[in-house]
Each structure stands twice: as structure tokens, then as C-alpha cells.
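See structure below.
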Amino acid sequence: MVELAIVLPVLLLLLLGLMELGWAFYRMSQLTTAARHTARVAARPDATNEEVAARLDQIMADLGMGEVGYTFAITPGVDPSVGEPVHVALQVPYSEITLTGVGFIPMPEQLRGHAAMAKEGP
């Protein structure tokens, strides 16, 4: 019983830490996928800023991150010349999407996702 009382808290901390790190990697993967889908919409020849923002809002809502205060940037915008890259960067505060909510594991303040695609021609 004494050994269990000594070892169990350490094992629980390790378990919670592994769960939180796995959750962070899962969410980063989701952000990268959302950025890739948004870049795909922005790379189309007839894309508009409103259409791209609406698609990103829908994707983030589907991922359960629609109300977390994410930010995004599309550079150089949706109207570069054909063949030029369109970059999409997403950023979400990690405190809004944490799994366990415990603060004993050093985690980044922001999770980021990024994607780039070449602008398509007509």
C-alpha cells in the first residue's frame, strides 16, 4: 500500500501529461488540415475573401473550434498572379482547446497551422 501511495501520483501525472501532449499534436494536425483546405479554396481562380473566410469558419466549427477565438491570415491575399503561392496561417490559443486543463505541463500559448498552394489560372 505504501508503494502504491508513492508511485500512483507519479503514474497519474505521467498519464495526464501524455494525454495532453497527444491532444496538442492531434489539434495541431487538425489546424494544419484546416489551413490546407482553406488554402485550396483560396487558390481557386475565382476565390473571394468572403468565401474563404466562410469556408474556414465552417471547417473550424466542424472541428469544434469555431468559438475559440482563432485568427487567420491569407498572404498575399486571394488575388496573386497565377502560379504564385497563397499562404494560409491559423492560430488558436491553446488554453481554449486544452484537454485536461492542468497547468503542470509546459505547453505553447498558441497552436499554429500553415499551408501554401499555388494560385490556379483560368
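To be explicit about the labels: the chains of the C-alpha cells are called A, B, and onward in the order shown, and within each one the residues are counted from 1, while ligands get numbers from 1 in the order they are shown.
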10 Å contact set for Ala115 in chain A, only C-alpha atoms, chain neighbours under 3 positions out, as a list in words:
Leu31, Thr32, Thr33, Ala34, Ala35, Arg36, His37, Thr38, Ala39, Arg40, Ile74, Pro85, Val86, His87, Val88, Ala89 and Leu90 of chain A
Just to be explicit: take each residue in the selection above, keep N, CA and C atoms, and write the result as a PDB file, in the first residue's frame.
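Saved file out26.pdb follows:
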ATOM      1  N   LEU A  31      -5.390  21.679 -37.233  1.00  0.00           N
ATOM      2  CA  LEU A  31      -5.175  23.050 -37.710  1.00  0.00           C
ATOM      3  C   LEU A  31      -4.454  23.066 -39.047  1.00  0.00           C
ATOM      4  N   THR A  32      -3.483  22.184 -39.223  1.00  0.00           N
ATOM      5  CA  THR A  32      -2.775  22.110 -40.493  1.00  0.00           C
ATOM      6  C   THR A  32      -3.718  21.659 -41.611  1.00  0.00           C
ATOM      7  N   THR A  33      -4.580  20.709 -41.311  1.00  0.00           N
ATOM      8  CA  THR A  33      -5.563  20.251 -42.298  1.00  0.00           C
ATOM      9  C   THR A  33      -6.542  21.370 -42.638  1.00  0.00           C
ATOM     10  N   ALA A  34      -6.991  22.117 -41.633  1.00  0.00           N
ATOM     11  CA  ALA A  34      -7.900  23.243 -41.883  1.00  0.00           C
ATOM     12  C   ALA A  34      -7.216  24.308 -42.738  1.00  0.00           C
ATOM     13  N   ALA A  35      -5.953  24.571 -42.465  1.00  0.00           N
ATOM     14  CA  ALA A  35      -5.209  25.546 -43.271  1.00  0.00           C
ATOM     15  C   ALA A  35      -5.057  25.052 -44.701  1.00  0.00           C
ATOM     16  N   ARG A  36      -4.822  23.754 -44.879  1.00  0.00           N
ATOM     17  CA  ARG A  36      -4.669  23.198 -46.228  1.00  0.00           C
ATOM     18  C   ARG A  36      -5.975  23.311 -47.011  1.00  0.00           C
ATOM     19  N   HIS A  37      -7.103  22.996 -46.371  1.00  0.00           N
ATOM     20  CA  HIS A  37      -8.388  23.109 -47.065  1.00  0.00           C
ATOM     21  C   HIS A  37      -8.711  24.569 -47.396  1.00  0.00           C
ATOM     22  N   THR A  38      -8.370  25.465 -46.482  1.00  0.00           N
ATOM     23  CA  THR A  38      -8.608  26.884 -46.737  1.00  0.00           C
ATOM     24  C   THR A  38      -7.711  27.392 -47.859  1.00  0.00           C
ATOM     25  N   ALA A  39      -6.458  26.958 -47.888  1.00  0.00           N
ATOM     26  CA  ALA A  39      -5.559  27.351 -48.973  1.00  0.00           C
ATOM     27  C   ALA A  39      -6.065  26.821 -50.307  1.00  0.00           C
ATOM     28  N   ARG A  40      -6.663  25.650 -50.293  1.00  0.00           N
ATOM     29  CA  ARG A  40      -7.223  25.084 -51.527  1.00  0.00           C
ATOM     30  C   ARG A  40      -8.346  25.962 -52.063  1.00  0.00           C
ATOM     31  N   ILE A  74      -4.245  35.332 -44.671  1.00  0.00           N
ATOM     32  CA  ILE A  74      -4.024  34.839 -46.029  1.00  0.00           C
ATOM     33  C   ILE A  74      -3.095  35.836 -46.707  1.00  0.00           C
ATOM     34  N   PRO A  85       2.363  31.555 -54.768  1.00  0.00           N
ATOM     35  CA  PRO A  85       1.794  30.843 -53.618  1.00  0.00           C
ATOM     36  C   PRO A  85       0.811  31.694 -52.824  1.00  0.00           C
ATOM     37  N   VAL A  86      -0.214  31.031 -52.325  1.00  0.00           N
ATOM     38  CA  VAL A  86      -1.167  31.615 -51.389  1.00  0.00           C
ATOM     39  C   VAL A  86      -0.917  30.926 -50.052  1.00  0.00           C
ATOM     40  N   HIS A  87      -0.526  31.687 -49.050  1.00  0.00           N
ATOM     41  CA  HIS A  87      -0.215  31.137 -47.726  1.00  0.00           C
ATOM     42  C   HIS A  87      -1.384  31.378 -46.786  1.00  0.00           C
ATOM     43  N   VAL A  88      -1.762  30.348 -46.041  1.00  0.00           N
ATOM     44  CA  VAL A  88      -2.794  30.466 -45.017  1.00  0.00           C
ATOM     45  C   VAL A  88      -2.176  30.056 -43.691  1.00  0.00           C
ATOM     46  N   ALA A  89      -2.291  30.927 -42.694  1.00  0.00           N
ATOM     47  CA  ALA A  89      -1.772  30.647 -41.358  1.00  0.00           C
ATOM     48  C   ALA A  89      -2.916  30.771 -40.355  1.00  0.00           C
ATOM     49  N   LEU A  90      -3.085  29.737 -39.526  1.00  0.00           N
ATOM     50  CA  LEU A  90      -4.102  29.721 -38.474  1.00  0.00           C
ATOM     51  C   LEU A  90      -3.414  29.747 -37.124  1.00  0.00           C
TER      52      LEU A  90
END
Would you mind reading off the distance between CA of Ile59 in chain A and CA of Arg44 in chain A, one decimal, in Å?
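Calculated distance between CA of Ile59 in chain A and CA of Arg44 in chain A is 17.4 Å.
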Taking only C-alpha atoms into account, name the residue in A:Ala73, A:Ala54, A:Ile105, A:Met65 that is nearest to Met28 in chain A.
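Ranked by minimum distance to Met28 in chain A, first place goes to A:Met65.
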Provide the CA of Gly101 in chain A to CA of Tyr70 in chain A distance in Å, to one decimal place.
18.3 Å
So which one's closest to Val68 in chain A, A:Ala47, A:Val10, A:Ile97, A:Val52? Using only C-alpha atoms, please.
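Using only C-alpha atoms, the shortest distance to Val68 in chain A belongs to A:Ile97.
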When DSSP is applied to the backbone of this structure, which of chain A are assigned helix (DSSP H, G or I)? Write them out as a ChimeraX atom specification.
/A:2-42,49-62,94-96
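Minimum distance to Ser29 in chain A across A:Val82, A:Thr98, A:Leu63, A:Val7 (counting only C-alpha atoms) occurs at A:Leu63.
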What lies within 10 Å of Pro80 in chain A using only C-alpha atoms, ignoring chain neighbours under 2 positions off, as a list in words?
Ala43, Pro45, Thr75, Pro76, Gly77, Val78, Val82, Gly83, Glu84, Pro85, Val86, Ala118, Lys119 and Glu120 of chain A
For those residues, write N, CA and C atoms to a file as a CSV table (one decimal), in the first residue's frame.
chain,number,residue,atom,x,y,z
A,43,ALA,N,-6.8,29.2,-53.4
A,43,ALA,CA,-6.0,29.1,-54.6
A,43,ALA,C,-6.9,29.0,-55.9
A,45,PRO,N,-9.2,30.1,-59.0
A,45,PRO,CA,-9.2,31.4,-59.8
A,45,PRO,C,-10.2,32.4,-59.4
A,75,THR,N,-1.9,35.4,-47.1
A,75,THR,CA,-1.0,36.3,-47.7
A,75,THR,C,-0.6,35.7,-49.1
A,76,PRO,N,-0.5,36.5,-50.1
A,76,PRO,CA,-0.7,37.9,-50.2
A,76,PRO,C,-2.2,38.2,-50.4
A,77,GLY,N,-3.1,37.4,-50.1
A,77,GLY,CA,-4.5,37.6,-50.4
A,77,GLY,C,-4.9,36.5,-51.4
A,78,VAL,N,-6.2,36.7,-51.8
A,78,VAL,CA,-6.7,35.7,-52.8
A,78,VAL,C,-6.5,36.1,-54.2
A,82,VAL,N,-1.2,34.1,-61.3
A,82,VAL,CA,-1.2,32.7,-61.4
A,82,VAL,C,0.2,32.1,-61.2
A,83,GLY,N,0.2,31.0,-60.4
A,83,GLY,CA,1.4,30.3,-60.0
A,83,GLY,C,2.1,30.8,-58.8
A,84,GLU,N,1.7,32.0,-58.3
A,84,GLU,CA,2.3,32.5,-57.0
A,84,GLU,C,1.6,31.8,-55.8
A,85,PRO,N,2.4,31.6,-54.8
A,85,PRO,CA,1.8,30.8,-53.6
A,85,PRO,C,0.8,31.7,-52.8
A,86,VAL,N,-0.2,31.0,-52.3
A,86,VAL,CA,-1.2,31.6,-51.4
A,86,VAL,C,-0.9,30.9,-50.1
A,118,ALA,N,-0.2,27.0,-54.8
A,118,ALA,CA,-0.1,27.9,-55.9
A,118,ALA,C,-1.4,28.3,-56.5
A,119,LYS,N,-1.5,29.6,-56.8
A,119,LYS,CA,-2.8,30.1,-57.3
A,119,LYS,C,-3.0,29.5,-58.7
A,120,GLU,N,-4.2,29.0,-58.9
A,120,GLU,CA,-4.6,28.4,-60.2
A,120,GLU,C,-5.0,29.5,-61.2
What does the structure give for the distance between CA of Val92 in chain A and CA of Gln110 in chain A, in Å to one decimal?
5.5 Å
My list of candidates is A:Thr100, A:Asp62, A:Glu109, A:Leu4. Which is closest to Glu20 in chain A when distances are computed with only C-alpha atoms?
A:Thr100
Can you list every residue in chain A that DSSP puts in strand (DSSP E or B), as a VMD selection string?
chain A and resid 71 to 75 85 to 93 110 to 118
Counting only C-alpha atoms, which residue out of A:Arg27, A:Ser95, A:Asn49, A:Leu18 sits closest to Gly113 in chain A?
A:Arg27
